[in-house]
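First up is the structure itself, then whatever we jot down about it.
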Amino acid sequence: MTSSFLGSVIEYYDFLLYSTASAVVFADVFFSNLSPVAGTLASFTTFATGYLARPLGGIIFGHFGDRLGRKRMLVVTMSLMGVASFLIGVLPTYGQAGTLAPVLLLLLRIVQGVAVGGEWGGAVLLSAEHATGRRGLWASFTNAGAPAGMALSTVILSATSGAVGEQAFLDWGWRIPFLLSVVLLAVGLFVRLRVTETPVFAEAEEQEKEKKRESTPRRSLPLWDVLRHHPRVLLLSIGVGLSAFVFQGTVTTYIISYAVQGGFARQTVLNGLAVSSALAMFGIVGWSALSDRVGRRPVVMAGALAVGAYSFALFPLVDTGSTALLVLALVIGQSLVHPMMYGPLAALYTELFSTRSRYTGASLGYQIAGLGAGFAPLIFTEVRADAGDGAMLLVSTIIAAFCLATVVCLALLGETSRTDLTGMSTDSSAPLPVNGQAEAAQPS
């Protein structure tokens, strides 16, 4: 659990530091030749490419994680992320290198996406497959690492901005949080290298060796197994998670740009985001623990309905111009209603796939759903530029529509919380939980 949480904090510190920087500084640093709106769109576009690369990372590291083990891949993903983030910190600006600067930024963002795409699945499995009970609680610490990383990155970015001043921050101060990635990488690798492989994977690996001794035909590739035997489950899992990520991208990235353009000081918005991110950790763990008692489906479904309704109150609260209501809007959105959807997803995705394709299947479903967080800020910025006075009502309606899709997918998928992970380790083509029946599972 400690390794998964710490690794997730470090990975998402790097990955989400970029999201905050893209909202507050990259338009000026890497796209200074463009108008403010065009620069913001360009900055959010590079932000979105990281999410586009996440499914690729899930496929690559999922394949080797299902073949070679969870631990080995997690060491690689953490190293890849740390190096990419450090290199962003030493990139030249547009004024120094012209178009080469945003191109290099884009390439490093893709590397970040590949790294975090492989990290999440392995970290979740490291917790879930070690757990002997309360799987939702223990797996949720990986998801809790995301807002913890967001809080850490926001605090360091804010502290740096306050310490060096506005102009110095734009000139060189923004680099400091990225350069600190090297320190976090060293700490994370120290902890992660001491973790043992999960017992569930070790058991499956032993079974695989036994099959080889008995000349059993070689098993298929993990990706092929997921696409051939479990396409419906994969599609439903994407639908379940998509609204959580759309709202995550809205409340952690888009809202920064929206509030600053609405007249709030950048520091005020970042402080509010840091508070809501810190509190979100408790929301994620708490709702996930509840899902162990009442099931994943009731908690996530209630969260989807709550987020769908709250999306119509979010922007009016920000539009009041009140700092207190801005912070309240962020806290309710990120710390209370969003964790209802997001927290239990770690265990839910784990419970949908068999051991020898679980890393690939869980990563692919989660990371494709994660595209919602990458594209929401970009799409909503464009909607606001084109739709005029009714833009924010349209944005809220889009969010609510995604939440409705989550409710439908959950109804079709069924409950997964009583799935026995070890009971799914031998037959990767067995039917999985759909229509409310855990056909491949044994009650735990």
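Here's how to read the names in the structure tokens: chain A, B, ... by the order shown, residue numbers from 1 in each chain, ligand numbers from 1 in the order shown.
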Problem set entry | helix (DSSP H, G or I) call set, DSSP backbone run, range 28-109 of chain A, as a PyMOL selection string | chain A and resi 28-29+36-68+70-88+94-97+100-109
Exercise. Got a sec: who's within 9 Å of range 246-260 of chain A, counting only C-alpha atoms, leaving out chain neighbours fewer than 3 positions off, as a ChimeraX atom specification?
Worked result: /A:16,19-20,22-24,40,44,150,241-243,263-266,268-270,273,277,307,311,314-315,318-319,321,326,329-330,333-334,338,342,369-378,380-381,399,402
Seminar exercise, completed: Residue with the minimum atom-to-atom distance to Met341 in chain A, picked from A:Ile238, A:Ala405, A:Ala302, A:Leu364 with only C-alpha atoms counted, is A:Ala302
For this session: Tell me, as a PyMOL selection string, which residues lie within 7 Å of Thr350 in chain A, counting only C-alpha atoms; anything in the same chain fewer than 6 positions away does not count.
Result: chain A and resi 125+358+362
Selection to disk with N, CA, C and O atoms, as an mmCIF file, in the first residue's frame:
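selection.cif was written with the following content:
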```cif
data_model
loop_
_atom_site.group_PDB
_atom_site.id
_atom_site.type_symbol
_atom_site.label_atom_id
_atom_site.label_comp_id
_atom_site.auth_asym_id
_atom_site.auth_seq_id
_atom_site.Cartn_x
_atom_site.Cartn_y
_atom_site.Cartn_z
ATOM 1 N N LEU A 125 -2.755 -2.917 -8.873
ATOM 2 C CA LEU A 125 -2.655 -4.367 -8.692
ATOM 3 C C LEU A 125 -1.724 -4.725 -7.539
ATOM 4 O O LEU A 125 -1.935 -5.729 -6.846
ATOM 5 N N ARG A 358 -4.924 -8.914 -16.406
ATOM 6 C CA ARG A 358 -5.507 -7.872 -15.552
ATOM 7 C C ARG A 358 -4.782 -6.537 -15.688
ATOM 8 O O ARG A 358 -5.416 -5.486 -15.725
ATOM 9 N N ALA A 362 -7.225 -3.702 -17.107
ATOM 10 C CA ALA A 362 -7.539 -2.604 -16.196
ATOM 11 C C ALA A 362 -6.901 -1.302 -16.670
ATOM 12 O O ALA A 362 -7.536 -0.237 -16.653
#
```
For this session: Using only C-alpha atoms, find the one residue out of A:Gly95, A:Gly113, A:Pro199, A:Pro102 that sits nearest to Leu421 in chain A.
Result: A:Pro199
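In this comparison, which uses only C-alpha atoms, the residue of A:Phe86, A:Phe30, A:Phe64, A:Tyr13 approaching Asp171 in chain A most closely is A:Phe30.
Considering the residues A:Ser8, A:Asn271, A:Gln367, A:Ser153 and counting only C-alpha atoms, Val114 in chain A has its shortest atom-to-atom contact with A:Gln367.
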For this session: Rounded to one decimal place, report the CA of Leu91 in chain A-CA of Phe15 in chain A distance in Å.
Result: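 Answer for the CA of Leu91 in chain A to CA of Phe15 in chain A separation: 16.4 Å.
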Problem set entry | Polymer residues at most 8 Å from Tyr359 in chain A, only C-alpha atoms, same-chain spacing of 5 or more positions, as an MDAnalysis selection string | chainID A and resid 58 62:63 65:66 70 121:122 125
For this session: Do a neighbour search on Ser335 in chain A at 10 Å with only C-alpha atoms, toss out local chain neighbours closer than 2 positions, and write the hits as a list in words.
Result: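 Close residues of Ser335 in chain A: Pro147, Val275, Ser276, Ser277, Ala278, Leu279, Ala280, Met281, Phe282, Gly283, Ile284, Leu328, Ala329, Leu330, Val331, Ile332, Gly333, Val337, His338, Pro339 and Met340 of chain A.
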